[in-house]
Amino acid sequence: MSEPRLPSVYNLISLERCASTNDEARDLARQGEDAAPDGTLVWAREQTKGRGRRGRDWVSPPGNLHLSLILRPEVPLREAAQLSFVTAVALYDALGNISEPGHQIHLKWPNDVLLQEKKVAGILLESEAGGAEFPEWVIVGLGVNVAHFPDDAAYPATSLSAEHWTVTVEDTLVAFARSFQRWANIWVEEGFDKVRRTWLNRAIGKGKAIEVRLENETLTGNFKDLDDDGALILEGDGAERRIAAGVVYFPDN
């Protein structure tokens, strides 16, 4: 099988199977920039121990897209977290470029992509700062349900195939790589504001009632905005609350 042709900024490492592409990428990143320069992309056709946020299992059979991208941004760790939103808007564009007509794609805070209001992709960021303000590296993990989706997920899920898209994993990988290169350049050259505004324009639930589940409590209110760091601004009972991490649900989910 021929390898996908990615833009030259990427160093593609293609695997048939691994436990987790994020684990593979982390091991490479720790070997230093010579072993894993900025733009190293680990792609596996199958993961045996894929994971999502908060250590949740991520179903990773052959036919879906599983990748981890090693980046070495020269920004403080707090700003590096913005790469989750860069990735989301990039995937939105990538799916738009390969989509079948008549489908709705939305972004869901903090790091999910929805198709027909069902989860089709998730993003997981990991980093290592080494005690410094700037990260040694950031890993962007991305999983896209191309051929399969879990039917027992906490949030309703779907796949490109289930929505009758006739695209392959390779199509999706190439489209994402091209789109991410563009949006990463925008982020570096113009800052987070354009990414933030674009994300908000594509978000589901803005201005509406939502439920945010935290580790030890559940909050309800209106999704008012994102702040300059990407935290969600929840408005309720005459006050605003800034939420840096949580899981969003809608009243009918």
# chains A, B, ... in the order shown; residues from 1 in each chain; ligands from 1

call {"tool": "residues_around", "arguments": {"residues": "region 24-40 of chain A", "least_positions_apart": "2", "cutoff": "9 Å", "atoms": "only C-alpha atoms", "output": "mmCIF file with N, CA and C atoms, in the first residue's frame"}}
result
data_model
loop_
_atom_site.group_PDB
_atom_site.id
_atom_site.type_symbol
_atom_site.label_atom_id
_atom_site.label_comp_id
_atom_site.auth_asym_id
_atom_site.auth_seq_id
_atom_site.Cartn_x
_atom_site.Cartn_y
_atom_site.Cartn_z
ATOM 1 N N VAL A 9 6.493 19.705 5.150
ATOM 2 C CA VAL A 9 6.756 20.107 6.537
ATOM 3 C C VAL A 9 6.584 18.941 7.504
ATOM 4 N N TYR A 10 5.990 17.853 7.054
ATOM 5 C CA TYR A 10 5.735 16.712 7.923
ATOM 6 C C TYR A 10 6.770 15.612 7.719
ATOM 7 N N ASN A 11 7.088 14.944 8.817
ATOM 8 C CA ASN A 11 7.906 13.736 8.797
ATOM 9 C C ASN A 11 6.992 12.587 9.202
ATOM 10 N N LEU A 12 6.491 11.836 8.225
ATOM 11 C CA LEU A 12 5.488 10.808 8.475
ATOM 12 C C LEU A 12 6.139 9.513 8.950
ATOM 13 N N ILE A 13 5.637 9.024 10.089
ATOM 14 C CA ILE A 13 6.011 7.706 10.596
ATOM 15 C C ILE A 13 4.750 6.860 10.556
ATOM 16 N N CYS A 18 -0.131 -0.079 16.826
ATOM 17 C CA CYS A 18 0.618 0.271 18.028
ATOM 18 C C CYS A 18 -0.371 0.362 19.180
ATOM 19 N N ALA A 19 0.141 0.454 20.397
ATOM 20 C CA ALA A 19 -0.748 0.605 21.540
ATOM 21 C C ALA A 19 -1.449 1.953 21.473
ATOM 22 N N SER A 20 -0.662 3.024 21.303
ATOM 23 C CA SER A 20 -1.204 4.386 21.255
ATOM 24 C C SER A 20 -0.246 5.260 20.469
ATOM 25 N N THR A 21 -0.772 5.991 19.505
ATOM 26 C CA THR A 21 0.109 6.878 18.742
ATOM 27 C C THR A 21 0.657 7.991 19.642
ATOM 28 N N ASN A 22 -0.107 8.437 20.638
ATOM 29 C CA ASN A 22 0.418 9.443 21.553
ATOM 30 C C ASN A 22 1.598 8.899 22.358
ATOM 31 N N VAL A 42 2.983 10.714 13.674
ATOM 32 C CA VAL A 42 2.879 9.264 13.868
ATOM 33 C C VAL A 42 1.461 8.844 13.517
ATOM 34 N N SER A 68 -0.819 11.180 15.814
ATOM 35 C CA SER A 68 -0.274 12.085 16.828
ATOM 36 C C SER A 68 0.825 12.910 16.170
ATOM 37 N N LEU A 69 0.702 14.219 16.330
ATOM 38 C CA LEU A 69 1.605 15.161 15.687
ATOM 39 C C LEU A 69 2.491 15.816 16.743
ATOM 40 N N ILE A 70 3.799 15.697 16.573
ATOM 41 C CA ILE A 70 4.761 16.292 17.498
ATOM 42 C C ILE A 70 5.072 17.711 17.040
ATOM 43 N N LEU A 71 4.847 18.658 17.926
ATOM 44 C CA LEU A 71 5.127 20.062 17.639
ATOM 45 C C LEU A 71 6.067 20.613 18.705
ATOM 46 N N ARG A 72 6.854 21.591 18.316
ATOM 47 C CA ARG A 72 7.786 22.231 19.247
ATOM 48 C C ARG A 72 7.605 23.751 19.159
ATOM 49 N N PRO A 73 6.434 24.228 19.587
ATOM 50 C CA PRO A 73 6.148 25.659 19.458
ATOM 51 C C PRO A 73 6.953 26.480 20.463
ATOM 52 N N GLU A 126 -1.114 16.684 24.724
ATOM 53 C CA GLU A 126 -0.196 16.338 25.799
ATOM 54 C C GLU A 126 1.080 17.141 25.608
ATOM 55 N N SER A 127 1.734 17.473 26.707
ATOM 56 C CA SER A 127 2.953 18.272 26.601
ATOM 57 C C SER A 127 3.884 17.934 27.739
ATOM 58 N N GLU A 128 5.119 18.395 27.588
ATOM 59 C CA GLU A 128 6.128 18.222 28.626
ATOM 60 C C GLU A 128 6.948 19.490 28.704
ATOM 61 N N GLU A 136 8.808 21.567 26.142
ATOM 62 C CA GLU A 136 9.787 20.888 25.300
ATOM 63 C C GLU A 136 9.137 20.452 23.999
ATOM 64 N N TRP A 137 7.906 20.000 24.133
ATOM 65 C CA TRP A 137 7.145 19.551 22.969
ATOM 66 C C TRP A 137 5.665 19.525 23.322
ATOM 67 N N VAL A 138 4.844 19.523 22.293
ATOM 68 C CA VAL A 138 3.402 19.333 22.425
ATOM 69 C C VAL A 138 2.997 18.251 21.438
ATOM 70 N N ILE A 139 2.180 17.328 21.897
ATOM 71 C CA ILE A 139 1.655 16.286 21.009
ATOM 72 C C ILE A 139 0.167 16.523 20.800
#

call {"tool": "residues_around", "arguments": {"residues": "region 90-95 of chain A", "least_positions_apart": "6", "cutoff": "9 Å", "atoms": "only C-alpha atoms", "output": "list in words"}}
result
Ile105, His106, Leu107, Val113, Ala121, Thr172, Leu173, Val174, Ala175, Phe176, Ala177, Arg178, Ser179, Phe180, Gln181, Arg182, Trp183, Ala184 and Arg202 of chain A

call {"tool": "write_last_selection", "arguments": {"atoms": "N, CA and C atoms", "output": "PDB file, in the first residue's frame"}}
result
ATOM      1  N   ILE A 105     -21.369  20.096  10.003  1.00  0.00           N
ATOM      2  CA  ILE A 105     -20.213  19.877  10.858  1.00  0.00           C
ATOM      3  C   ILE A 105     -20.192  20.999  11.893  1.00  0.00           C
ATOM      4  N   HIS A 106     -19.964  20.641  13.143  1.00  0.00           N
ATOM      5  CA  HIS A 106     -19.873  21.627  14.209  1.00  0.00           C
ATOM      6  C   HIS A 106     -18.678  21.308  15.105  1.00  0.00           C
ATOM      7  N   LEU A 107     -18.228  22.315  15.840  1.00  0.00           N
ATOM      8  CA  LEU A 107     -17.191  22.136  16.840  1.00  0.00           C
ATOM      9  C   LEU A 107     -17.838  22.206  18.217  1.00  0.00           C
ATOM     10  N   VAL A 113     -15.279  17.263  17.462  1.00  0.00           N
ATOM     11  CA  VAL A 113     -15.867  17.653  16.187  1.00  0.00           C
ATOM     12  C   VAL A 113     -17.098  16.785  15.969  1.00  0.00           C
ATOM     13  N   ALA A 121     -15.040  13.007  15.835  1.00  0.00           N
ATOM     14  CA  ALA A 121     -13.598  13.142  16.060  1.00  0.00           C
ATOM     15  C   ALA A 121     -13.332  13.750  17.423  1.00  0.00           C
ATOM     16  N   THR A 172      -8.595  11.387   4.415  1.00  0.00           N
ATOM     17  CA  THR A 172      -8.807  12.210   5.613  1.00  0.00           C
ATOM     18  C   THR A 172      -7.489  12.706   6.177  1.00  0.00           C
ATOM     19  N   LEU A 173      -6.491  11.833   6.208  1.00  0.00           N
ATOM     20  CA  LEU A 173      -5.170  12.212   6.703  1.00  0.00           C
ATOM     21  C   LEU A 173      -4.559  13.327   5.869  1.00  0.00           C
ATOM     22  N   VAL A 174      -4.587  13.188   4.571  1.00  0.00           N
ATOM     23  CA  VAL A 174      -3.985  14.193   3.695  1.00  0.00           C
ATOM     24  C   VAL A 174      -4.725  15.524   3.817  1.00  0.00           C
ATOM     25  N   ALA A 175      -6.049  15.464   3.841  1.00  0.00           N
ATOM     26  CA  ALA A 175      -6.825  16.697   3.955  1.00  0.00           C
ATOM     27  C   ALA A 175      -6.528  17.401   5.268  1.00  0.00           C
ATOM     28  N   PHE A 176      -6.428  16.646   6.353  1.00  0.00           N
ATOM     29  CA  PHE A 176      -6.129  17.260   7.645  1.00  0.00           C
ATOM     30  C   PHE A 176      -4.726  17.854   7.655  1.00  0.00           C
ATOM     31  N   ALA A 177      -3.748  17.124   7.143  1.00  0.00           N
ATOM     32  CA  ALA A 177      -2.365  17.615   7.162  1.00  0.00           C
ATOM     33  C   ALA A 177      -2.246  18.939   6.418  1.00  0.00           C
ATOM     34  N   ARG A 178      -2.890  19.041   5.292  1.00  0.00           N
ATOM     35  CA  ARG A 178      -2.838  20.287   4.517  1.00  0.00           C
ATOM     36  C   ARG A 178      -3.527  21.429   5.264  1.00  0.00           C
ATOM     37  N   SER A 179      -4.690  21.142   5.829  1.00  0.00           N
ATOM     38  CA  SER A 179      -5.444  22.169   6.519  1.00  0.00           C
ATOM     39  C   SER A 179      -4.741  22.602   7.803  1.00  0.00           C
ATOM     40  N   PHE A 180      -4.151  21.660   8.521  1.00  0.00           N
ATOM     41  CA  PHE A 180      -3.461  22.014   9.759  1.00  0.00           C
ATOM     42  C   PHE A 180      -2.262  22.913   9.466  1.00  0.00           C
ATOM     43  N   GLN A 181      -1.543  22.640   8.406  1.00  0.00           N
ATOM     44  CA  GLN A 181      -0.407  23.494   8.046  1.00  0.00           C
ATOM     45  C   GLN A 181      -0.864  24.943   7.864  1.00  0.00           C
ATOM     46  N   ARG A 182      -1.992  25.127   7.193  1.00  0.00           N
ATOM     47  CA  ARG A 182      -2.508  26.482   6.963  1.00  0.00           C
ATOM     48  C   ARG A 182      -2.894  27.158   8.276  1.00  0.00           C
ATOM     49  N   TRP A 183      -3.637  26.457   9.128  1.00  0.00           N
ATOM     50  CA  TRP A 183      -4.109  27.071  10.357  1.00  0.00           C
ATOM     51  C   TRP A 183      -2.993  27.262  11.377  1.00  0.00           C
ATOM     52  N   ALA A 184      -2.023  26.386  11.386  1.00  0.00           N
ATOM     53  CA  ALA A 184      -0.868  26.578  12.274  1.00  0.00           C
ATOM     54  C   ALA A 184      -0.109  27.838  11.876  1.00  0.00           C
ATOM     55  N   ARG A 202     -18.166  28.376  14.283  1.00  0.00           N
ATOM     56  CA  ARG A 202     -18.474  27.004  13.890  1.00  0.00           C
ATOM     57  C   ARG A 202     -18.955  26.158  15.065  1.00  0.00           C
TER      58      ARG A 202
END

call {"tool": "residues_around", "arguments": {"residues": "Thr158 (chain A)", "least_positions_apart": "5", "cutoff": "10 Å", "atoms": "only C-alpha atoms", "output": "PyMOL selection string"}}
result
chain A and resi 114-121+144-151+153+163

call {"tool": "closest_residue", "arguments": {"among": "A:Val140, A:Leu65, A:Leu219, A:Val248", "to": "Ala203 (chain A)", "atoms": "only C-alpha atoms"}}
result
A:Val248

call {"tool": "select_by_dssp", "arguments": {"residues": "region 48-186 of chain A", "states": "strand (DSSP E or B)", "output": "PyMOL selection string"}}
result
chain A and resi 51+57+62+64-71+105-108+112-115+118-128+137-144+157

call {"tool": "select_by_dssp", "arguments": {"residues": "region 5-241 of chain A", "states": "alpha helix (DSSP H)", "output": "JSON, numbers by chain"}}
result
{"A": [21, 22, 23, 24, 25, 26, 27, 28, 29, 77, 78, 79, 80, 83, 84, 85, 86, 87, 88, 89, 90, 91, 92, 93, 94, 95, 96, 97, 98, 169, 170, 171, 172, 173, 174, 175, 176, 177, 178, 179, 180, 181, 182, 183, 184, 185, 186, 187, 188, 189, 190, 192, 193, 194, 195, 196, 197, 198, 199, 200, 201]}

call {"tool": "atom_distance", "arguments": {"atom1": "CA of Arg213 (chain A)", "atom2": "CA of Leu226 (chain A)"}}
result
17.0 Å

call {"tool": "residues_around", "arguments": {"residues": "Val247 (chain A)", "least_positions_apart": "2", "cutoff": "12 Å", "atoms": "only C-alpha atoms", "output": "compact mmCIF listing (two decimals) with C-alpha atoms, in the first residue's frame"}}
result
# COMPACT_ATOMS: atom_id res chain seq x y z
CA ARG A 53 -9.38 12.82 27.52
CA ARG A 54 -9.23 11.88 31.22
CA LYS A 108 -17.98 21.26 20.44
CA TRP A 109 -16.04 22.68 23.36
CA PRO A 110 -13.40 21.90 24.28
CA ASN A 111 -12.04 19.49 21.66
CA ASP A 112 -14.66 17.51 19.76
CA ALA A 154 -21.26 8.59 26.52
CA TYR A 155 -22.01 11.15 23.81
CA ILE A 210 -25.73 23.93 28.18
CA GLU A 211 -24.64 21.61 30.93
CA VAL A 212 -20.95 21.40 31.85
CA ARG A 213 -19.86 18.34 33.80
CA LEU A 214 -16.76 18.85 35.92
CA GLU A 215 -14.92 16.34 38.09
CA ASN A 216 -17.05 17.01 41.17
CA GLU A 217 -20.00 19.09 40.03
CA THR A 218 -22.31 19.84 37.13
CA LEU A 219 -23.00 23.41 36.06
CA THR A 220 -25.79 24.80 33.91
CA LEU A 232 -15.53 28.58 28.21
CA ILE A 243 -14.29 27.02 32.90
CA ALA A 244 -10.93 25.68 31.77
CA ALA A 245 -11.85 21.98 31.57
CA TYR A 249 -23.78 18.34 27.13
CA PHE A 250 -26.95 19.82 25.71
